[in-house]
$ cat model-v2.cif   # mmCIF, C-alpha atoms
data_entry
#
loop_
_atom_site.group_PDB
_atom_site.id
_atom_site.type_symbol
_atom_site.label_atom_id
_atom_site.label_comp_id
_atom_site.auth_asym_id
_atom_site.auth_seq_id
_atom_site.Cartn_x
_atom_site.Cartn_y
_atom_site.Cartn_z
ATOM 1 C CA MET A 187 57.437 20.118 61.098
ATOM 2 C CA LYS A 188 57.351 17.117 58.794
ATOM 3 C CA HIS A 189 60.138 14.562 58.795
ATOM 4 C CA LYS A 190 58.515 11.410 57.512
ATOM 5 C CA LEU A 191 57.452 11.087 53.921
ATOM 6 C CA LYS A 192 54.456 9.005 52.879
ATOM 7 C CA PRO A 193 55.017 6.211 50.320
ATOM 8 C CA SER A 194 53.132 8.288 47.733
ATOM 9 C CA GLN A 195 55.575 11.166 48.343
ATOM 10 C CA TYR A 196 58.557 8.858 47.757
ATOM 11 C CA ALA A 197 56.828 7.819 44.532
ATOM 12 C CA VAL A 198 56.629 11.484 43.470
ATOM 13 C CA LEU A 199 60.388 11.917 44.105
ATOM 14 C CA VAL A 200 61.179 8.806 42.047
ATOM 15 C CA ALA A 201 58.869 10.088 39.292
ATOM 16 C CA ILE A 202 60.824 13.407 39.296
ATOM 17 C CA MET A 203 64.102 11.537 38.783
ATOM 18 C CA LEU A 204 62.752 9.312 36.014
ATOM 19 C CA THR A 205 60.557 11.747 34.044
ATOM 20 C CA ALA A 206 63.255 14.457 33.893
ATOM 21 C CA SER A 207 66.020 12.136 32.737
ATOM 22 C CA VAL A 208 64.021 9.988 30.315
ATOM 23 C CA GLY A 209 62.169 13.075 29.003
ATOM 24 C CA ASP A 210 65.444 14.901 28.276
ATOM 25 C CA SER A 211 66.878 11.808 26.575
ATOM 26 C CA LEU A 212 63.785 11.463 24.363
ATOM 27 C CA LEU A 213 63.880 15.171 23.429
ATOM 28 C CA SER A 214 67.569 14.954 22.620
ATOM 29 C CA ARG A 215 67.030 11.855 20.468
ATOM 30 C CA GLY A 216 64.059 13.463 18.687
ATOM 31 C CA MET A 217 65.864 16.753 18.042
ATOM 32 C CA GLY A 218 68.816 14.755 16.713
ATOM 33 C CA GLN A 219 66.466 13.347 14.075
ATOM 34 C CA VAL A 220 64.892 16.741 13.305
ATOM 35 C CA GLY A 221 68.217 18.491 12.724
ATOM 36 C CA GLN A 222 69.866 21.691 13.861
ATOM 37 C CA VAL A 223 67.500 24.609 14.461
ATOM 38 C CA ASP A 224 68.865 28.129 13.984
ATOM 39 C CA ALA A 225 67.411 31.560 13.293
ATOM 40 C CA HIS A 226 67.097 30.795 9.565
ATOM 41 C CA HIS A 227 65.371 27.448 10.056
ATOM 42 C CA LEU A 228 62.793 28.242 12.757
ATOM 43 C CA GLY A 229 60.229 26.276 10.721
ATOM 44 C CA LEU A 230 61.998 23.126 11.881
ATOM 45 C CA LEU A 231 60.571 23.754 15.379
ATOM 46 C CA TRP A 232 57.078 23.210 13.936
ATOM 47 C CA HIS A 233 58.357 20.108 12.193
ATOM 48 C CA ALA A 234 59.771 18.868 15.522
ATOM 49 C CA LEU A 235 56.226 18.769 16.981
ATOM 50 C CA PHE A 236 55.445 15.853 14.657
ATOM 51 C CA ASN A 237 58.374 13.768 15.860
ATOM 52 C CA PRO A 238 57.152 10.977 18.207
ATOM 53 C CA PHE A 239 60.305 11.165 20.375
ATOM 54 C CA VAL A 240 59.851 14.930 20.845
ATOM 55 C CA ASP A 241 56.150 14.433 21.677
ATOM 56 C CA ALA A 242 56.887 11.695 24.225
ATOM 57 C CA GLY A 243 59.652 13.886 25.706
ATOM 58 C CA ILE A 244 57.263 16.868 26.047
ATOM 59 C CA VAL A 245 54.616 14.679 27.754
ATOM 60 C CA LEU A 246 57.204 13.356 30.238
ATOM 61 C CA LEU A 247 58.546 16.848 30.945
ATOM 62 C CA ILE A 248 55.006 18.126 31.636
ATOM 63 C CA GLY A 249 54.671 15.178 34.048
ATOM 64 C CA PHE A 250 58.011 16.173 35.585
ATOM 65 C CA PHE A 251 56.861 19.749 36.137
ATOM 66 C CA ALA A 252 53.620 18.547 37.784
ATOM 67 C CA CYS A 253 55.516 16.195 40.133
ATOM 68 C CA TYR A 254 58.139 18.857 40.913
ATOM 69 C CA THR A 255 55.437 21.396 41.750
ATOM 70 C CA ALA A 256 53.635 18.846 43.958
ATOM 71 C CA ALA A 257 56.895 17.979 45.780
ATOM 72 C CA LEU A 258 57.584 21.655 46.498
ATOM 73 C CA SER A 259 54.177 21.900 48.182
ATOM 74 C CA TRP A 260 55.395 19.567 50.966
ATOM 75 C CA ALA A 261 59.207 19.691 50.861
ATOM 76 C CA ASP A 262 61.993 22.283 50.912
ATOM 77 C CA LEU A 263 63.642 23.382 47.662
ATOM 78 C CA THR A 264 67.027 22.305 49.056
ATOM 79 C CA PHE A 265 65.520 18.857 49.786
ATOM 80 C CA VAL A 266 64.051 18.333 46.299
ATOM 81 C CA MET A 267 67.142 19.631 44.410
ATOM 82 C CA PRO A 268 69.407 16.603 44.970
ATOM 83 C CA ALA A 269 66.522 14.366 43.885
ATOM 84 C CA THR A 270 66.342 16.184 40.550
ATOM 85 C CA ALA A 271 70.127 15.895 40.222
ATOM 86 C CA PHE A 272 69.818 12.133 40.623
ATOM 87 C CA GLY A 273 68.214 12.188 37.169
ATOM 88 C CA TYR A 274 71.695 12.886 35.710
ATOM 89 C CA VAL A 275 72.892 9.667 37.346
ATOM 90 C CA VAL A 276 69.961 7.785 35.799
ATOM 91 C CA ILE A 277 70.890 9.169 32.351
ATOM 92 C CA ALA A 278 74.559 8.182 32.776
ATOM 93 C CA LEU A 279 73.648 4.671 33.974
ATOM 94 C CA LEU A 280 71.109 4.261 31.141
ATOM 95 C CA GLY A 281 73.907 5.205 28.738
ATOM 96 C CA ARG A 282 76.275 2.719 30.345
ATOM 97 C CA PHE A 283 74.049 -0.342 30.694
ATOM 98 C CA TRP A 284 71.457 0.169 27.967
ATOM 99 C CA LEU A 285 73.378 1.944 25.206
ATOM 100 C CA HIS A 286 76.713 0.375 26.267
ATOM 101 C CA GLU A 287 78.528 3.725 26.323
ATOM 102 C CA GLN A 288 81.870 3.877 28.067
ATOM 103 C CA LEU A 289 81.859 5.979 31.245
ATOM 104 C CA SER A 290 85.101 7.777 32.018
ATOM 105 C CA LEU A 291 86.569 7.846 35.511
ATOM 106 C CA SER A 292 85.448 11.472 35.987
ATOM 107 C CA ARG A 293 81.854 10.485 35.131
ATOM 108 C CA TRP A 294 81.918 7.661 37.694
ATOM 109 C CA ALA A 295 83.252 10.215 40.206
ATOM 110 C CA GLY A 296 80.380 12.559 39.308
ATOM 111 C CA ILE A 297 77.863 9.720 39.822
ATOM 112 C CA GLY A 298 79.437 8.924 43.207
ATOM 113 C CA LEU A 299 79.238 12.562 44.357
ATOM 114 C CA ILE A 300 75.559 12.954 43.405
ATOM 115 C CA VAL A 301 74.646 9.632 45.060
ATOM 116 C CA CYS A 302 76.388 10.826 48.261
ATOM 117 C CA ALA A 303 74.537 14.164 48.071
ATOM 118 C CA VAL A 304 71.164 12.396 47.807
ATOM 119 C CA GLY A 305 72.153 10.212 50.772
ATOM 120 C CA PHE A 306 73.043 13.258 52.921
ATOM 121 C CA VAL A 307 69.776 15.058 52.252
ATOM 122 C CA ALA A 308 67.486 12.001 52.299
ATOM 123 C CA GLY A 309 68.616 11.282 55.870
ATOM 124 C CA GLY A 310 67.425 14.713 57.064
ATOM 125 C CA PRO A 311 64.016 16.358 57.358
ATOM 126 C CA SER A 312 62.087 17.067 54.149
ATOM 127 C CA ARG A 313 60.944 20.413 55.515
ATOM 128 C CA THR A 314 62.731 22.605 58.014
ATOM 129 C CA GLU A 315 61.102 25.004 60.434
ATOM 130 C CA HIS A 316 60.557 28.529 59.289
ATOM 131 C CA HIS A 317 58.340 31.285 60.496
ATOM 132 C CA GLU A 318 55.905 31.295 57.579
ATOM 133 C CA LEU A 319 55.349 27.542 57.824
ATOM 134 C CA ASP A 320 54.802 27.597 61.584
ATOM 135 C CA GLN A 321 52.050 30.134 60.992
ATOM 136 C CA MET A 322 50.480 27.923 58.338
ATOM 137 C CA ASP A 323 50.674 24.844 60.581
ATOM 138 C CA SER A 324 48.813 26.655 63.322
ATOM 139 C CA GLY A 325 46.160 27.735 60.836
ATOM 140 C CA VAL A 326 46.942 31.459 61.028
ATOM 141 C CA GLY A 327 48.308 31.726 57.497
ATOM 142 C CA ARG A 328 45.365 30.004 55.766
ATOM 143 C CA MET B 35 89.606 38.210 30.202
ATOM 144 C CA SER B 36 88.689 38.619 26.537
ATOM 145 C CA SER B 37 85.371 40.191 25.588
ATOM 146 C CA GLN B 38 84.234 36.853 24.133
ATOM 147 C CA THR B 39 84.852 35.060 27.454
ATOM 148 C CA LEU B 40 83.076 37.863 29.315
ATOM 149 C CA HIS B 41 80.138 37.591 26.913
ATOM 150 C CA ILE B 42 79.879 33.817 27.418
ATOM 151 C CA TRP B 43 80.076 34.006 31.215
ATOM 152 C CA SER B 44 77.526 36.837 31.368
ATOM 153 C CA ALA B 45 75.125 34.663 29.368
ATOM 154 C CA ILE B 46 75.785 31.665 31.661
ATOM 155 C CA LEU B 47 75.226 33.780 34.798
ATOM 156 C CA PHE B 48 72.054 35.295 33.345
ATOM 157 C CA VAL B 49 70.572 31.871 32.502
ATOM 158 C CA ALA B 50 71.462 30.497 35.957
ATOM 159 C CA ALA B 51 69.981 33.599 37.665
ATOM 160 C CA LEU B 52 66.721 33.169 35.735
ATOM 161 C CA ALA B 53 66.558 29.500 36.768
ATOM 162 C CA VAL B 54 67.155 30.381 40.430
ATOM 163 C CA ALA B 55 64.501 33.139 40.325
ATOM 164 C CA GLY B 56 62.014 30.755 38.693
ATOM 165 C CA GLU B 57 62.600 27.857 41.091
ATOM 166 C CA VAL B 58 62.543 30.008 44.220
ATOM 167 C CA LEU B 59 59.330 31.776 43.136
ATOM 168 C CA ILE B 60 57.664 28.435 42.342
ATOM 169 C CA ALA B 61 58.800 27.019 45.699
ATOM 170 C CA ALA B 62 57.511 30.143 47.497
ATOM 171 C CA GLY B 63 54.183 29.876 45.679
ATOM 172 C CA MET B 64 53.780 26.199 46.520
ATOM 173 C CA ARG B 65 54.688 26.815 50.143
ATOM 174 C CA GLN B 66 52.019 29.516 50.291
ATOM 175 C CA LEU B 67 49.439 27.034 48.963
ATOM 176 C CA GLY B 68 50.390 24.184 51.299
ATOM 177 C CA ASP B 69 50.231 20.434 50.660
ATOM 178 C CA LEU B 70 48.618 19.809 47.259
ATOM 179 C CA ASP B 71 47.306 16.428 48.478
ATOM 180 C CA ASP B 72 45.189 18.233 51.082
ATOM 181 C CA ILE B 73 43.859 20.697 48.501
ATOM 182 C CA ARG B 74 43.047 17.822 46.140
ATOM 183 C CA ALA B 75 41.255 15.924 48.900
ATOM 184 C CA HIS B 76 39.238 19.040 49.657
ATOM 185 C CA SER B 77 38.401 20.460 46.224
ATOM 186 C CA GLY B 78 39.371 17.776 43.703
ATOM 187 C CA ILE B 79 42.149 17.676 41.093
ATOM 188 C CA LEU B 80 40.669 20.594 39.128
ATOM 189 C CA GLY B 81 40.525 22.664 42.298
ATOM 190 C CA ALA B 82 44.190 21.873 42.958
ATOM 191 C CA ILE B 83 45.174 22.850 39.402
ATOM 192 C CA ARG B 84 43.166 26.079 39.703
ATOM 193 C CA ALA B 85 44.802 26.887 43.048
ATOM 194 C CA VAL B 86 48.276 26.452 41.508
ATOM 195 C CA LEU B 87 47.560 28.387 38.316
ATOM 196 C CA THR B 88 46.022 31.346 40.154
ATOM 197 C CA ASN B 89 49.000 31.734 42.499
ATOM 198 C CA MET B 90 50.917 34.820 41.327
ATOM 199 C CA LYS B 91 54.317 33.654 42.605
ATOM 200 C CA PHE B 92 53.889 30.347 40.787
ATOM 201 C CA VAL B 93 52.846 32.060 37.523
ATOM 202 C CA VAL B 94 55.764 34.537 37.584
ATOM 203 C CA GLY B 95 58.147 31.675 38.500
ATOM 204 C CA ALA B 96 56.856 29.549 35.623
ATOM 205 C CA LEU B 97 57.318 32.523 33.248
ATOM 206 C CA CYS B 98 60.928 32.860 34.483
ATOM 207 C CA MET B 99 61.448 29.152 33.737
ATOM 208 C CA ALA B 100 59.989 29.539 30.238
ATOM 209 C CA PHE B 101 62.202 32.570 29.606
ATOM 210 C CA ASN B 102 65.121 30.567 31.030
ATOM 211 C CA PHE B 103 64.514 27.875 28.400
ATOM 212 C CA PHE B 104 64.901 30.366 25.541
ATOM 213 C CA ALA B 105 67.835 32.137 27.208
ATOM 214 C CA MET B 106 69.476 28.703 27.511
ATOM 215 C CA LEU B 107 69.063 28.148 23.752
ATOM 216 C CA PHE B 108 70.741 31.528 23.172
ATOM 217 C CA ALA B 109 73.577 30.722 25.598
ATOM 218 C CA LEU B 110 74.155 27.391 23.877
ATOM 219 C CA SER B 111 74.426 29.168 20.540
ATOM 220 C CA ILE B 112 77.392 31.275 21.744
ATOM 221 C CA ALA B 113 79.077 28.841 24.167
ATOM 222 C CA ASP B 114 80.123 25.204 23.874
ATOM 223 C CA LEU B 115 77.602 22.730 25.288
ATOM 224 C CA SER B 116 80.369 21.066 27.315
ATOM 225 C CA LEU B 117 81.041 24.367 29.112
ATOM 226 C CA ALA B 118 77.584 25.968 29.261
ATOM 227 C CA ALA B 119 75.453 22.986 30.374
ATOM 228 C CA PRO B 120 77.476 21.938 33.455
ATOM 229 C CA ALA B 121 78.317 25.555 34.370
ATOM 230 C CA ILE B 122 74.648 26.603 34.281
ATOM 231 C CA ALA B 123 73.502 23.487 36.176
ATOM 232 C CA SER B 124 76.175 23.818 38.889
ATOM 233 C CA LEU B 125 75.622 27.565 39.369
ATOM 234 C CA THR B 126 71.855 26.983 39.523
ATOM 235 C CA TYR B 127 72.244 24.418 42.334
ATOM 236 C CA ILE B 128 74.496 26.673 44.387
ATOM 237 C CA GLY B 129 72.348 29.756 43.680
ATOM 238 C CA ASN B 130 69.210 27.826 44.698
ATOM 239 C CA ALA B 131 70.721 26.847 48.045
ATOM 240 C CA ILE B 132 71.750 30.450 48.786
ATOM 241 C CA ALA B 133 68.371 31.842 47.649
ATOM 242 C CA ALA B 134 66.458 29.153 49.599
ATOM 243 C CA LYS B 135 68.276 30.247 52.747
ATOM 244 C CA LEU B 136 67.888 33.991 52.115
ATOM 245 C CA PHE B 137 64.375 34.220 50.693
ATOM 246 C CA LEU B 138 62.583 31.009 51.710
ATOM 247 C CA HIS B 139 64.274 30.915 55.136
ATOM 248 C CA GLU B 140 64.985 27.216 54.764
ATOM 249 C CA LYS B 141 67.398 25.870 57.345
ATOM 250 C CA VAL B 142 70.255 25.007 55.028
ATOM 251 C CA ASP B 143 72.401 23.075 57.517
ATOM 252 C CA GLN B 144 75.895 21.671 56.980
ATOM 253 C CA ARG B 145 74.437 18.483 55.535
ATOM 254 C CA ARG B 146 72.535 20.409 52.831
ATOM 255 C CA TRP B 147 75.477 22.711 51.981
ATOM 256 C CA LEU B 148 77.642 19.639 51.569
ATOM 257 C CA ALA B 149 74.989 18.002 49.386
ATOM 258 C CA THR B 150 74.705 21.153 47.246
ATOM 259 C CA GLY B 151 78.471 21.301 46.747
ATOM 260 C CA PHE B 152 78.614 17.597 45.889
ATOM 261 C CA VAL B 153 75.765 17.959 43.369
ATOM 262 C CA ALA B 154 77.370 21.006 41.720
ATOM 263 C CA LEU B 155 80.730 19.241 41.424
ATOM 264 C CA GLY B 156 79.121 15.931 40.419
ATOM 265 C CA VAL B 157 77.125 17.553 37.608
ATOM 266 C CA ALA B 158 80.252 19.310 36.341
ATOM 267 C CA LEU B 159 82.169 15.999 36.327
ATOM 268 C CA LEU B 160 79.318 14.098 34.636
ATOM 269 C CA ALA B 161 79.108 16.577 31.775
ATOM 270 C CA ARG B 162 82.822 16.422 30.953
#
$ encode --input "model-v2.cif" --output "structure tokens"
Amino acid sequence: MKHKLKPSQYAVLVAIMLTASVGDSLLSRGMGQVGQVDAHHLGLLWHALFNPFVDAGIVLLIGFFACYTAALSWADLTFVMPATAFGYVVIALLGRFWLHEQLSLSRWAGIGLIVCAVGFVAGGPSRTEHHELDQMDSGVGR
Amino acid sequence: MSSQTLHIWSAILFVAALAVAGEVLIAAGMRQLGDLDDIRAHSGILGAIRAVLTNMKFVVGALCMAFNFFAMLFALSIADLSLAAPAIASLTYIGNAIAAKLFLHEKVDQRRWLATGFVALGVALLAR
């Protein structure tokens, strides 16, 4: 049973938070420039591939998927989930302090709840005992 | 409930269910493989990538996620973003916790249930 994370594993969790949020923001900004895509304008999707914001967003989201997959190889799904949710907090704070958007009271409440959730889970084990894992740890499952 | 509301909520539930299926399958696949760092140390980065891409659970999970992406686009075309995005995200978090307990046999203790509820509510509040 693993409780302690290595520094490199913390780095992967931070990368998950940052790549997902910044990647989504870049995609959203890029698609805003490309314009609305509907069934009659599917050609715009091809056009979107030449937008630098969309490209950067896709690269970051591929990085996100790689980090997420790596994290799931050593941590529980219910441990990694709050970390991915923290990305929403990063987006909201980027909006507040970088783009100077106004955050409503309900958004601050949302940020507070997600921060608490990350705190709850981060204090516990990254992987809980289960039968399959015990077998793998003893070498039977490999 | 009007048929339009029913239509919208069916789409939201379908997208969330696909996301849960995808994430749980990917998590199950990665658990089967074990720590990627160990695999990389043993057979290099290409070996690690090959191990991931040849894992059936991972591949089916990734397909579910890809399908989820397009289903999400469809859902957003019939429902308002301010309803669909937080509803799908919140339901996915709660569904993941239930599925992780049922299918992955993770020990979802009080602390993790609380965290899941907080995340689901927090995401809904953030998207308002």
$ interface_residues --input "model-v2.cif" --of "chain B" --to "chain A" --cutoff "9 Å" --atoms "only C-alpha atoms" --output "ChimeraX atom specification"
/B:57-58,60-71,86,111,127,130-131,134-135,138-142,145-162
$ closest_residue --input "model-v2.cif" --among "B:Ala109, B:Ile132, B:Leu115, B:Leu125" --to "Ala45 in chain B" --atoms "only C-alpha atoms"
B:Ala109
$ axis_aligned_box --input "model-v2.cif" --around "range 294-303 of chain A" --padding-each-side "6 Å" --output "JSON"
{"center_x": 78.9, "center_y": 10.9, "center_z": 43.0, "size_x": 20.7, "size_y": 18.5, "size_z": 22.6}
$ residues_around --input "model-v2.cif" --residues "Lys91 in chain B" --least-positions-apart "3" --cutoff "6 Å" --atoms "all atoms listed in the file" --output "PyMOL selection string"
chain B and resi 59+63+94-95
$ atom_distance --input "model-v2.cif" --atom1 "CA of Gln219 in chain A" --atom2 "CA of Leu107 in chain B"
17.9 Å
$ residues_around --input "model-v2.cif" --residues "Ile83 in chain B" --least-positions-apart "3" --cutoff "10 Å" --atoms "all atoms listed in the file" --output "JSON, numbers by chain"
{"A": [252], "B": [70, 73, 74, 77, 78, 79, 80, 86, 87, 88]}
$ resolve_selection --input "model-v2.cif" --expression "the PyMOL selection byres ((chain A and resi 234-245) around 9)" --output "list in words"
Thr205, Ala206, Val208, Gly209, Asp210, Ser211, Leu212, Leu213, Ser214, Arg215, Gly216, Met217, Gln219, Val220, Gly221, Gly229, Leu230, Leu231, Trp232, His233, Leu246, Leu247, Ile248, Gly249 and Phe250 of chain A
$ atom_distance --input "model-v2.cif" --atom1 "CA of Met203 in chain A" --atom2 "CA of Gly129 in chain B"
20.6 Å
$ atom_distance --input "model-v2.cif" --atom1 "CA of Val49 in chain B" --atom2 "CA of Ala201 in chain A"
25.6 Å
$ residues_around --input "model-v2.cif" --residues "Cys98 in chain B" --least-positions-apart "2" --cutoff "8 Å" --atoms "all atoms listed in the file" --output "list in words"
Leu52, Ala53, Ala55, Gly56, Val94, Gly95, Ala96, Ala100, Phe101 and Asn102 of chain B
$ closest_residue --input "model-v2.cif" --among "A:Glu287, A:Ile277, A:Leu228, A:Arg282" --to "Leu204 in chain A" --atoms "all atoms listed in the file"
A:Ile277
$ resolve_selection --input "model-v2.cif" --expression "the PyMOL selection byres ((chain B and resi 121) around 9)" --output "list of chain:residue names"
B:Ile46, B:Leu47, B:Ala50, B:Ser116, B:Leu117, B:Ala118, B:Ala119, B:Pro120, B:Ile122, B:Ala123, B:Ser124, B:Leu125, B:Thr126, B:Ala154, B:Val157, B:Ala158
